[in-house]
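To keep things clear, I will list the structure first and then write my remarks on it.
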Protein chains: 4
Amino acid sequence: MEEIGFLGMGIMGKAMAVNLLRHGFKVTVWNRTLSRCDELVQHGASVGETPAAVVKKCKYTIAMLSDPAAALSVVFDKDGALEQLCGGKGYIDMSTVDADTSSKISEAITSKGGSFLEGPVSGSKKPAEDGQLVILAAGDKALYDHVLPAFDVLGKKSFFLGQVGNGAKMKLVVNMVMGSMMNAFSEGIVLADKSGLDPHTLLDVLDLGAIANPMFKMKGPAMIKHSYPPAFPLKHQQKDMRLALALGDENAVPMPVAAAANEAFKKARSLGLGDHDFSAVFETVGKGAQSST
Amino acid sequence: MEEIGFLGMGIMGKAMAVNLLRHGFKVTVWNRTLSRCDELVQHGASVGETPAAVVKKCKYTIAMLSDPAAALSVVFDKDGALEQLCGGKGYIDMSTVDADTSSKISEAITSKGGSFLEGPVSGSKKPAEDGQLVILAAGDKALYDHVLPAFDVLGKKSFFLGQVGNGAKMKLVVNMVMGSMMNAFSEGIVLADKSGLDPHTLLDVLDLGAIANPMFKMKGPAMIKHSYPPAFPLKHQQKDMRLALALGDENAVPMPVAAAANEAFKKARSLGLGDHDFSAVFETVGKGAQSST
Amino acid sequence: MEEIGFLGMGIMGKAMAVNLLRHGFKVTVWNRTLSRCDELVQHGASVGETPAAVVKKCKYTIAMLSDPAAALSVVFDKDGALEQLCGGKGYIDMSTVDADTSSKISEAITSKGGSFLEGPVSGSKKPAEDGQLVILAAGDKALYDHVLPAFDVLGKKSFFLGQVGNGAKMKLVVNMVMGSMMNAFSEGIVLADKSGLDPHTLLDVLDLGAIANPMFKMKGPAMIKHSYPPAFPLKHQQKDMRLALALGDENAVPMPVAAAANEAFKKARSLGLGDHDFSAVFETVGKGAQSST
Amino acid sequence: MEEIGFLGMGIMGKAMAVNLLRHGFKVTVWNRTLSRCDELVQHGASVGETPAAVVKKCKYTIAMLSDPAAALSVVFDKDGALEQLCGGKGYIDMSTVDADTSSKISEAITSKGGSFLEGPVSGSKKPAEDGQLVILAAGDKALYDHVLPAFDVLGKKSFFLGQVGNGAKMKLVVNMVMGSMMNAFSEGIVLADKSGLDPHTLLDVLDLGAIANPMFKMKGPAMIKHSYPPAFPLKHQQKDMRLALALGDENAVPMPVAAAANEAFKKARSLGLGDHDFSAVFETVGKGAQSST
């Protein structure tokens with residue numbers, strides 16, 4: 001495969017670019033703070049001065065930015081990627097952004113003749129380093145097929161989901177199920193505790209049964225200690241619940257359990273827990289259980 | 001360990017008794033229809049004529065009956081277990097019964113000097129045959145310690161949960177979490193489908209992430225086909241939700257997500273789905289999605 | 001109409017007996033603390049020494065006791081009403097009791113040949129004094145027809161609802177609707193307040209529209225001040241929600257809004273608000289709104 | 001007061017303009033289909049050729065249009081009101097529009113030096129004819145004070161709610177409470193029916209108690225017959241629930257009962273009931289109850 005451009009050397013981007021280099025890809029990297037590219041140079045990367053310079057040099061450019069604002073800035077600002085995008089060039093935005101942002105970037109790029117793919121990922125630092133991400137791609141199918149060798153290095157599995165926006169939607173659905181499960185789990189832990197059962201034993205029993213899952217195993221012990229170090233902030237989880245409910249509203253899908261879960265997350269926000277991990281929704285059930293656990 | 005009595009040669013009881021025989025335990029079995037004991041005799045079991053006869057012969061007797069009525073009958077009827085229970089004898093009821101039934105049996109046995117243990121299990125036919133049950137024991141701790149070698153053969157893991165009734169409570173908590181999760185899952189599948197995403201892809205994405213669990217994997221494909229062969233009937237799941245909510249009511253535990261899930265199960269009952277698998281709650285969300293999946 | 005017996009001279013019973021006397025009925029009263037009957041004597045009442053004595057003397061006896069325990073005691077204890085009940089005598093229990101208590105009393109009385117009517121009322125002290133109660137009668141229709149002149153004095157309206165138990169059920173349905181409305185009202189007040197609208201203005205607007213009702217008018221101003229003097233204790237309201245949901249469960253009626261309201265009342269109980277007025281469920285929505293209202 | 005302009009002679013606008021004329025106001029009217037103004041001329045009105053002409057002639061102009069699109073068109077189109085708005089002129093939009101539409105109109109008018117008031121009303125045809133509307137005004141306080149004599153003719157009560165947008169918000173809060181109440185009411189009727197109580201009797205009992213309100217009285221009998229002639233279409237009610245929940249989301253107000261009600265309305269939409277009256281949410285509870293009522 002041709003040389004790949006890579007914009008954004010944050011925690012995720014750096015780990016992903018290193019993986020590509022390790023597997024023999026030629027990579028030209030860029031970061032707003034250019035010094036963050038030094039480590040990549042030691043792994044064999046070239047450095048581009050601006051997003052536009054990277055796109056000019058490379059047929060395919062991957063972007064992995066921290067938020068929608070950054071994703072838009074890298075494309076639309078002066079010396080941005082858009083300036084050099086044209087027929088024959090592909091742009092793959094793997095940042096987690098909303099469907100609107102994704103559509104805006106897609107339209108700008110395709111109107112200049114370029115091809116576009118969104119590819120938000122499921123998984124954080126560790127899976128990124130291990131090449132174990134799950135990639136939810138949508139947009140230009142030919143571009144997807146072409147960059148699949150790179151996706152195979154970055155993730156354990158990639159999906160092509162159709163038109164632009166479907167990657168973001170799939171993430172919403174997954175996060176909605178996850179948010180409801182976190183509430184069910186919280187209610188279960190408090191119910192066990194208040195009913196005279198050891199909540200740690202509940203965790204053990206759950207982990208041996210049909211609903212055993214990594215999230216319960218990972219979050220449960222900390223929740224029992226009322227400890228919520230922010231891996232996925234509650235306010236972001238609540239935002240995803242809201243957006244998933246809005247998607248359900250558009251399509252007339254009744255979602256009473258998700259709606260109840262969303263209200264619990266809102267309650268948690270009203271208690272000032274928005275910046276804690278989303279497992280802090282536990283406090284809306286277990287308040288007052290603190291002393292007894 | 002001394003010879004073990006075993007009352008009830010249904011699907012579960014037979015598989016469990018065979019496991020004990022295979023691992024070198026001496027076992028005397030009884031079943032209401034005695035002919036069901038023949039197969040066990042081929043595996044080396046003795047047969048008792050009545051529950052009382054089994055208890056008279058064996059220091060420890062395990063019961064595995066189909067429902068509370070059968071569990072009570074085997075203890076209290078003429079020639080029942082109670083007639084021979086006395087100091088030095090232990091009775092272990094592994095049937096799935098409510099806390100009231102368990103307490104009634106416990107009181108009768110302990111008032112005659114016997115020791116009692118409830119030990120409902122998590123897992124059905126296959127885990128029973130493979131010795132992979134999860135045993136939720138509660139009651140007499142000394143008896144628990146004594147029969148642990150038998151539990152180690154029957155299950156992959158056993159828990160001692162304290163006083164009689166706690167085994168039943170733990171099952172309720174687990175089933176409550178499971179019921180809420182099934183609703184969240186149903187909402188997710190329908191939301192994906194109505195939003196233009198392939199629900200099978202959702203299953204694949206879920207199975208690769210932090211909330212991957214055996215239930216989603218096992219039930220999902222059938223649900224998408226609106227097929228609900230009854231492994232765990234919806235009306236029983238709804239009953240467990242109701243009992244878990246009642247337990248929460250006693251202890252002032254707010255459980256809004258479980259309550260919403262319970263109402264969906266009730267809605268499903270009102271649609272005539274009580275005898276289908278509990279995954280049929282999917283119909284309360286997805287009605288009308290049928291043609292498009 | 002013949003002389004009427006009246007058991008129970010609490011706040012309600014006294015007001016009701018006075019009304020009967022004022023309208024020309026002859027009444028024989030009894031109360032556990034007999035001195036509470038003095039005031040009635042001044043209004044022209046006779047006094048009976050025991051419930052049995054009252055029933056012996058009067059063809060029809062009304063009971064208005066404080067709770068199920070008192071209602072049972074007055075019938076079944078030594079010198080209780082049951083001793084003198086027989087063919088040709090009628091017993092009308094207007095206490096607020098559960099369906100089980102009502103059935104127990106009904107069975108005992110009818111098995112001795114007496115006729116029975118339950119007649120729980122809607123309305124408290126003031127309506128009782130003004131003869132403005134609403135009477136939810138059920139049981140023996142002939143007895144109902146016979147005592148209607150008395151009901152016409154005691155209430156502004158009486159209903160005959162069929163078999164024993166239906167009076168209690170009707171109260172549950174009404175209280176369930178009331179409990180959900182109180183939650184909707186609470187959410188509305190807090191939403192107005194947090195959105196920059198004056199909650200007092202909301203009360204005024206509500207009072208001019210299609211959903212104007214006495215409860216909003218009466219409770220709203222105190223709620224905005226976070227004041228909940230107990231007219232109807234929250235724990236009793238929550239108990240009625242629970243019983244109404246249980247009734248819905250029996251009949252497979254999905255009640256998602258009542259279920260959500262019930263969980264809010266449970267949350268309020270977990271915050272220690274069970275003895276406050278049921279309008280204190282406001283705190284589960286508005287916590288933190290305190291300073292701004 | 002000076003001559004008043006009045007734009008929009010629909011059912012509401014015509015009734016309101018007639019009221020003004022009857023009370024001695026001089027009114028110049030306009031309607032897209034000018035012939036609808038004839039009746040008003042008989043009552044003494046003048047007619048303007050365009051919105052701009054009306055604004056030019058009158059110091060104060062009231063608009064009562066059918067929807068946001070019409071409200072915008074009358075202001076911004078060629079010959080629209082905006083062309084003649086300037087310092088010293090006031091524009092009062094009494095149409096029911098969203099906060100965004102209201103803000104857009106407000107900004108345009110104030111940037112030309114005019115003063116603006118939004119004044120959505122509660123009440124439909126009959127109250128409009130009888131001058132019994134409730135007016136929820138917000139915007140320019142001096143303008144409000146000036147047109148109060150006209151509001152006094154049009155409504156039984158008007159409120160000044162502060163900044164532009166607050167009128168729309170107040171309507172959302174009221175409609176949210178109303179939507180939750182409609183669900184509670186539906187659940188109550190079905191619960192009564194399925195529990196063997198006559199739902200008509202429930203209506204009578206409710207109408208005598210603390211939660212008696214015009215909506216229950218008006219809608220109940222039709223609902224029992226599963227008849228839902230559209231006074232307020234369900235899809236509009238559901239939209240208002242959604243917007244009220246969004247407002248709660250912005251302000252971190254947990255609204256679990258409103259959320260459950262909203263999901264029931266969404267369920268009703270998925271059953272194809274969006275164009276029926278909002279009381280058709282009854283079908284989500286009572287489906288299957290049809291034959292027995």
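Labels used: A, B, ... for chains in the order of the structure tokens, numbers from 1 for residues in each chain, and numbers from 1 for ligands as shown.
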For a quick test of understanding: name the residues of chain C lying within 12 Å of chain A when counting only C-alpha atoms, and present them as a VMD selection string. chain C and resid 187 190 194 254 to 257 259 to 261 263 to 264 266 to 272 283 to 289
Go ahead and save the residues from that selection, with N, CA, C and O atoms, as a short mmCIF file (atom, residue, chain, number, x, y, z; two decimals), in the first residue's frame.
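Result went into out-v5.cif, see below:
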```cif
data_model
loop_
_atom_site.label_atom_id
_atom_site.label_comp_id
_atom_site.auth_asym_id
_atom_site.auth_seq_id
_atom_site.Cartn_x
_atom_site.Cartn_y
_atom_site.Cartn_z
N GLU C 187 -42.21 17.35 38.61
CA GLU C 187 -41.26 17.53 37.51
C GLU C 187 -41.52 18.86 36.80
O GLU C 187 -40.58 19.57 36.42
N VAL C 190 -40.17 21.88 38.97
CA VAL C 190 -38.71 21.99 38.92
C VAL C 190 -38.24 22.41 37.53
O VAL C 190 -37.35 23.24 37.39
N LYS C 194 -35.94 25.66 36.96
CA LYS C 194 -34.59 25.56 36.42
C LYS C 194 -34.48 26.20 35.03
O LYS C 194 -33.38 26.47 34.55
N PRO C 254 -49.88 -3.23 31.64
CA PRO C 254 -48.62 -2.49 31.72
C PRO C 254 -48.87 -1.07 32.21
O PRO C 254 -49.77 -0.39 31.71
N MET C 255 -48.10 -0.63 33.19
CA MET C 255 -48.31 0.69 33.78
C MET C 255 -46.97 1.41 33.94
O MET C 255 -46.54 1.71 35.06
N PRO C 256 -46.32 1.73 32.83
CA PRO C 256 -44.97 2.28 32.93
C PRO C 256 -44.89 3.61 33.66
O PRO C 256 -43.89 3.87 34.34
N VAL C 257 -45.90 4.45 33.53
CA VAL C 257 -45.83 5.75 34.21
C VAL C 257 -46.01 5.56 35.71
O VAL C 257 -45.27 6.13 36.52
N ALA C 259 -45.25 2.93 37.33
CA ALA C 259 -44.03 2.27 37.82
C ALA C 259 -42.92 3.28 38.04
O ALA C 259 -42.20 3.21 39.04
N ALA C 260 -42.77 4.22 37.12
CA ALA C 260 -41.74 5.26 37.28
C ALA C 260 -42.06 6.13 38.50
O ALA C 260 -41.17 6.48 39.27
N ALA C 261 -43.33 6.44 38.68
CA ALA C 261 -43.73 7.24 39.84
C ALA C 261 -43.45 6.48 41.14
O ALA C 261 -42.95 7.04 42.11
N GLU C 263 -41.16 4.26 41.70
CA GLU C 263 -39.72 4.28 42.01
C GLU C 263 -39.30 5.62 42.59
O GLU C 263 -38.43 5.68 43.45
N ALA C 264 -39.91 6.70 42.13
CA ALA C 264 -39.59 8.01 42.71
C ALA C 264 -40.04 8.06 44.17
O ALA C 264 -39.32 8.58 45.04
N LYS C 266 -40.23 5.48 46.12
CA LYS C 266 -39.27 4.65 46.84
C LYS C 266 -37.97 5.42 47.10
O LYS C 266 -37.38 5.34 48.17
N LYS C 267 -37.54 6.14 46.06
CA LYS C 267 -36.35 6.99 46.22
C LYS C 267 -36.57 7.97 47.39
O LYS C 267 -35.68 8.15 48.22
N ALA C 268 -37.75 8.56 47.44
CA ALA C 268 -38.06 9.51 48.52
C ALA C 268 -37.99 8.80 49.88
O ALA C 268 -37.47 9.35 50.84
N ARG C 269 -38.53 7.59 49.94
CA ARG C 269 -38.43 6.82 51.19
C ARG C 269 -36.96 6.61 51.57
O ARG C 269 -36.59 6.75 52.73
N SER C 270 -36.13 6.29 50.56
CA SER C 270 -34.72 6.03 50.86
C SER C 270 -34.03 7.30 51.34
O SER C 270 -32.97 7.23 51.95
N LEU C 271 -34.61 8.46 51.04
CA LEU C 271 -34.06 9.74 51.53
C LEU C 271 -34.64 10.11 52.89
O LEU C 271 -34.40 11.20 53.39
N GLY C 272 -35.47 9.23 53.46
CA GLY C 272 -36.01 9.48 54.79
C GLY C 272 -37.26 10.33 54.81
O GLY C 272 -37.59 10.95 55.82
N GLU C 283 -38.84 16.34 46.28
CA GLU C 283 -37.40 16.40 46.60
C GLU C 283 -36.57 15.49 45.70
O GLU C 283 -35.37 15.72 45.53
N THR C 284 -37.18 14.44 45.16
CA THR C 284 -36.39 13.55 44.30
C THR C 284 -36.11 14.20 42.95
O THR C 284 -35.19 13.81 42.25
N VAL C 285 -36.90 15.19 42.59
CA VAL C 285 -36.67 15.91 41.34
C VAL C 285 -35.87 17.17 41.61
O VAL C 285 -34.92 17.50 40.91
N GLY C 286 -36.27 17.87 42.69
CA GLY C 286 -35.84 19.24 42.86
C GLY C 286 -34.65 19.43 43.77
O GLY C 286 -34.25 20.55 44.02
N LYS C 287 -34.10 18.33 44.26
CA LYS C 287 -32.95 18.45 45.15
C LYS C 287 -31.91 19.36 44.51
O LYS C 287 -31.49 19.15 43.38
N GLY C 288 -31.50 20.36 45.25
CA GLY C 288 -30.52 21.28 44.68
C GLY C 288 -31.19 22.51 44.11
O GLY C 288 -30.56 23.51 43.86
N ALA C 289 -32.49 22.41 43.90
CA ALA C 289 -33.23 23.58 43.42
C ALA C 289 -33.56 24.52 44.58
O ALA C 289 -33.95 25.65 44.38
#
```
Could you list, as a VMD selection string, every residue within 12 Å of Leu208 of chain C, counting only C-alpha atoms and ignoring same-chain residues fewer than 2 positions away? (chain C and resid 201 to 206 210 to 214 216 to 217) or (chain D and resid 121 to 123 127 132 to 136 155 to 159 174 213 to 214)
Write to file, as a CSV table (one decimal), in the first residue's frame, the residues of the selection just made, with N, CA and C atoms.
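Below is the file that was written, out15.csv:
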```csv
chain,number,residue,atom,x,y,z
C,201,THR,N,-45.9,31.3,38.9
C,201,THR,CA,-46.6,31.6,37.7
C,201,THR,C,-47.1,30.3,37.0
C,202,LEU,N,-46.3,29.3,37.0
C,202,LEU,CA,-46.7,28.0,36.5
C,202,LEU,C,-48.0,27.5,37.2
C,203,LEU,N,-48.0,27.7,38.5
C,203,LEU,CA,-49.2,27.3,39.3
C,203,LEU,C,-50.5,28.1,38.8
C,204,ASP,N,-50.3,29.4,38.6
C,204,ASP,CA,-51.4,30.2,38.1
C,204,ASP,C,-51.8,29.8,36.7
C,205,VAL,N,-50.9,29.5,35.8
C,205,VAL,CA,-51.2,29.1,34.5
C,205,VAL,C,-51.9,27.7,34.5
C,206,LEU,N,-51.4,26.8,35.3
C,206,LEU,CA,-52.1,25.5,35.4
C,206,LEU,C,-53.5,25.6,35.9
C,210,ALA,N,-56.9,23.2,31.2
C,210,ALA,CA,-57.7,22.0,31.2
C,210,ALA,C,-57.3,20.9,32.2
C,211,ILE,N,-56.1,21.1,32.8
C,211,ILE,CA,-55.7,20.2,33.9
C,211,ILE,C,-55.7,20.8,35.3
C,212,ALA,N,-56.4,21.9,35.4
C,212,ALA,CA,-56.6,22.5,36.7
C,212,ALA,C,-57.3,21.5,37.7
C,213,ASN,N,-56.8,21.4,38.9
C,213,ASN,CA,-57.4,20.4,39.8
C,213,ASN,C,-57.1,20.9,41.2
C,214,PRO,N,-57.9,20.5,42.2
C,214,PRO,CA,-57.7,21.0,43.6
C,214,PRO,C,-56.4,20.6,44.2
C,216,PHE,N,-53.3,20.3,42.8
C,216,PHE,CA,-52.3,21.2,42.4
C,216,PHE,C,-52.4,22.5,43.1
C,217,LYS,N,-53.6,23.0,43.2
C,217,LYS,CA,-53.9,24.3,43.8
C,217,LYS,C,-53.5,24.3,45.3
D,121,VAL,N,-51.1,31.5,23.2
D,121,VAL,CA,-52.2,31.4,24.0
D,121,VAL,C,-52.5,29.9,24.4
D,122,SER,N,-53.2,29.8,25.5
D,122,SER,CA,-53.7,28.5,25.9
D,122,SER,C,-55.2,28.6,25.7
D,123,GLY,N,-55.8,27.6,25.0
D,123,GLY,CA,-57.2,27.7,24.7
D,123,GLY,C,-57.4,27.7,23.2
D,127,PRO,N,-62.8,29.3,23.7
D,127,PRO,CA,-62.3,30.4,24.6
D,127,PRO,C,-61.9,31.6,23.8
D,132,GLN,N,-61.8,34.2,26.5
D,132,GLN,CA,-61.4,33.4,27.7
D,132,GLN,C,-60.0,32.8,27.5
D,133,LEU,N,-59.2,33.3,26.6
D,133,LEU,CA,-57.9,32.7,26.4
D,133,LEU,C,-57.0,33.0,27.6
D,134,VAL,N,-55.9,32.2,27.7
D,134,VAL,CA,-54.8,32.5,28.7
D,134,VAL,C,-53.6,32.9,27.8
D,135,ILE,N,-53.1,34.1,28.1
D,135,ILE,CA,-52.0,34.6,27.2
D,135,ILE,C,-50.7,34.6,27.9
D,136,LEU,N,-49.7,33.9,27.3
D,136,LEU,CA,-48.4,33.7,27.9
D,136,LEU,C,-47.4,34.6,27.2
D,155,GLY,N,-58.4,37.7,26.5
D,155,GLY,CA,-58.2,36.6,27.4
D,155,GLY,C,-58.8,36.8,28.8
D,156,LYS,N,-58.9,35.7,29.5
D,156,LYS,CA,-59.4,35.9,30.9
D,156,LYS,C,-58.2,36.3,31.8
D,157,LYS,N,-57.0,36.0,31.3
D,157,LYS,CA,-55.8,36.3,32.1
D,157,LYS,C,-54.6,36.3,31.2
D,158,SER,N,-53.7,37.3,31.4
D,158,SER,CA,-52.5,37.3,30.7
D,158,SER,C,-51.3,37.4,31.6
D,159,PHE,N,-50.2,36.7,31.2
D,159,PHE,CA,-49.0,36.7,32.1
D,159,PHE,C,-47.9,37.3,31.3
D,174,VAL,N,-46.4,23.1,30.7
D,174,VAL,CA,-47.8,22.7,30.9
D,174,VAL,C,-48.2,21.5,30.1
D,213,ASN,N,-60.4,17.2,37.1
D,213,ASN,CA,-60.0,18.2,36.2
D,213,ASN,C,-60.7,18.1,34.9
D,214,PRO,N,-60.8,19.3,34.2
D,214,PRO,CA,-61.6,19.3,33.0
D,214,PRO,C,-61.2,18.2,31.9
```
Long-range neighbours of segment 65-75 of chain A as a PyMOL selection string, 10 Å cut-off, only C-alpha atoms, 4 positions minimum in chain: chain A and resi 7-13+31-32+50-52+79-85+91+93-102+104-105+108-109
Assign secondary structure with DSSP using the backbone only, and return the residues of segment 89-257 of chain D in alpha helix (DSSP H) as a PyMOL selection string. chain D and resi 99-111+125-130+141-154+166-194+199-207+214-224+234-250+256-257
Non-local contacts of segment 233-244 of chain C (10 Å; only C-alpha atoms; under 6 positions in same chain excluded) as a PyMOL selection string: (chain B and resi 245-246+249) or (chain C and resi 98+169-180+250+255+258-259+261-266+268-269+272-281) or (chain D and resi 188+191-192)
Just the residues within 7 Å of Val47 of chain C, please, counting only C-alpha atoms, with nothing from its chain fewer than 2 positions along; format it as a list in words. Thr28, Val29, Trp30, Ala45 and Glu49 of chain C
Export, as a CSV table (one decimal), in the first residue's frame, the selected residues with N, CA, C and O atoms.
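Result file out17.csv:
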```
chain,number,residue,atom,x,y,z
C,28,THR,N,-76.7,4.7,68.3
C,28,THR,CA,-76.0,4.2,69.5
C,28,THR,C,-74.5,4.1,69.2
C,28,THR,O,-74.2,3.4,68.3
C,29,VAL,N,-73.7,4.8,70.0
C,29,VAL,CA,-72.3,4.8,69.7
C,29,VAL,C,-71.5,4.0,70.7
C,29,VAL,O,-71.9,3.8,71.8
C,30,TRP,N,-70.3,3.7,70.2
C,30,TRP,CA,-69.3,3.0,71.1
C,30,TRP,C,-67.9,3.5,70.6
C,30,TRP,O,-67.7,3.7,69.5
C,45,ALA,N,-77.1,11.0,71.3
C,45,ALA,CA,-76.8,9.6,71.1
C,45,ALA,C,-77.0,8.8,72.3
C,45,ALA,O,-76.8,9.3,73.4
C,49,GLU,N,-72.0,-0.4,75.6
C,49,GLU,CA,-70.8,-0.7,76.4
C,49,GLU,C,-69.8,-1.4,75.6
C,49,GLU,O,-68.6,-1.3,75.9
```
How far is it from atom CA of Gly220 of chain B to atom CA of Ile189 of chain B, in Å with one decimal?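 One can read the atom CA of Gly220 of chain B to atom CA of Ile189 of chain B distance as 8.4 Å.
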Residue with smallest distance to Tyr60 of chain A - pool A:Lys14, A:Lys125, A:Lys112, A:His146, counting only C-alpha atoms: A:His146
Please indicate the distance in Å from atom CA of Ser227 of chain B to atom CA of Ala184 of chain B, rounded to one decimal place.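 Taking atom CA of Ser227 of chain B as the start and atom CA of Ala184 of chain B as the end point, the length is 17.9 Å.
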What does the distance between atom CA of Asn19 of chain D and atom CA of Ser46 of chain D come to in Å, to one decimal place?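 Result for atom CA of Asn19 of chain D versus atom CA of Ser46 of chain D: 14.8 Å, one decimal.
Distances to Gly90 of chain C were evaluated for C:Leu247, C:Ala137, C:Val55, C:Met215 using only C-alpha atoms, and the minimum falls at C:Val55.
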List as a ChimeraX atom specification the protein and nucleic acid residues near Lys59 of chain C, meaning an atom at most 8 Å away when only C-alpha atoms are counted, but skip any in the same chain fewer than 4 places from it. /C:2-5,55,88-90
Could you find all residues in segment 41-137 of chain C that DSSP calls strand (DSSP E) from the backbone, and write them as a ChimeraX atom specification? /C:46-47,60-63,90-93,115-118,121-122,133-137
May I have the residues from that selection written out with N, CA, C and O atoms, as a compact mmCIF listing (two decimals), in the first residue's frame?
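And here's selection-v7.txt as it stands now:
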```
# COMPACT_ATOMS: atom_id res chain seq x y z
N SER C 46 -77.26 7.48 72.16
CA SER C 46 -77.13 6.51 73.24
C SER C 46 -75.73 5.93 73.17
O SER C 46 -75.03 6.06 72.17
N VAL C 47 -75.31 5.28 74.25
CA VAL C 47 -73.98 4.67 74.27
C VAL C 47 -74.12 3.18 74.53
O VAL C 47 -74.90 2.77 75.38
N TYR C 60 -78.61 -2.18 62.19
CA TYR C 60 -77.50 -1.83 61.30
C TYR C 60 -76.41 -1.15 62.11
O TYR C 60 -76.70 -0.25 62.89
N THR C 61 -75.18 -1.57 61.88
CA THR C 61 -74.06 -0.98 62.60
C THR C 61 -72.97 -0.56 61.61
O THR C 61 -72.54 -1.35 60.77
N ILE C 62 -72.58 0.70 61.76
CA ILE C 62 -71.48 1.23 60.95
C ILE C 62 -70.21 1.24 61.79
O ILE C 62 -70.26 1.57 62.98
N ALA C 63 -69.07 0.85 61.16
CA ALA C 63 -67.79 0.94 61.87
C ALA C 63 -66.87 1.88 61.10
O ALA C 63 -66.84 1.88 59.88
N GLY C 90 -77.16 -6.06 59.78
CA GLY C 90 -76.20 -5.61 58.77
C GLY C 90 -75.02 -4.90 59.41
O GLY C 90 -75.16 -4.20 60.42
N TYR C 91 -73.85 -5.10 58.84
CA TYR C 91 -72.62 -4.49 59.35
C TYR C 91 -71.94 -3.76 58.20
O TYR C 91 -71.71 -4.34 57.13
N ILE C 92 -71.66 -2.47 58.39
CA ILE C 92 -71.08 -1.65 57.33
C ILE C 92 -69.74 -1.10 57.80
O ILE C 92 -69.68 -0.24 58.68
N ASP C 93 -68.66 -1.62 57.23
CA ASP C 93 -67.33 -1.16 57.65
C ASP C 93 -66.85 -0.08 56.70
O ASP C 93 -66.55 -0.34 55.54
N SER C 115 -75.44 -9.60 57.06
CA SER C 115 -75.08 -9.06 55.75
C SER C 115 -74.00 -8.01 55.95
O SER C 115 -73.94 -7.35 57.00
N PHE C 116 -73.16 -7.87 54.92
CA PHE C 116 -71.96 -7.05 55.07
C PHE C 116 -71.79 -6.10 53.89
O PHE C 116 -72.06 -6.45 52.74
N LEU C 117 -71.28 -4.92 54.21
CA LEU C 117 -70.98 -3.90 53.20
C LEU C 117 -69.67 -3.23 53.60
O LEU C 117 -69.50 -2.85 54.76
N GLU C 118 -68.73 -3.13 52.62
CA GLU C 118 -67.57 -2.28 52.89
C GLU C 118 -67.90 -0.92 52.27
O GLU C 118 -68.60 -0.86 51.26
N VAL C 121 -64.22 5.57 52.33
CA VAL C 121 -64.60 6.89 51.85
C VAL C 121 -63.41 7.64 51.27
O VAL C 121 -62.27 7.38 51.62
N SER C 122 -63.71 8.53 50.41
CA SER C 122 -62.73 9.47 49.91
C SER C 122 -63.07 10.81 50.54
O SER C 122 -64.23 11.25 50.50
N LEU C 133 -68.51 13.50 51.98
CA LEU C 133 -67.65 12.37 51.64
C LEU C 133 -68.09 11.73 50.33
O LEU C 133 -69.23 11.94 49.87
N VAL C 134 -67.19 10.96 49.72
CA VAL C 134 -67.56 10.09 48.59
C VAL C 134 -67.41 8.67 49.10
O VAL C 134 -66.35 8.29 49.62
N ILE C 135 -68.48 7.88 48.99
CA ILE C 135 -68.53 6.55 49.60
C ILE C 135 -68.44 5.48 48.52
O ILE C 135 -69.23 5.47 47.58
N LEU C 136 -67.42 4.62 48.67
CA LEU C 136 -67.16 3.56 47.68
C LEU C 136 -67.62 2.23 48.26
O LEU C 136 -66.82 1.46 48.78
N ALA C 137 -68.90 1.94 48.14
CA ALA C 137 -69.47 0.78 48.81
C ALA C 137 -69.44 -0.47 47.92
O ALA C 137 -69.55 -0.38 46.71
```
Would you kindly return, as a ChimeraX atom specification, each protein, DNA or RNA residue with an atom no farther than 9 Å from any atom of Val147 of chain A, considering only C-alpha atoms and excluding same-chain residues fewer than 4 positions away? /A:1,60,142-143,151-152
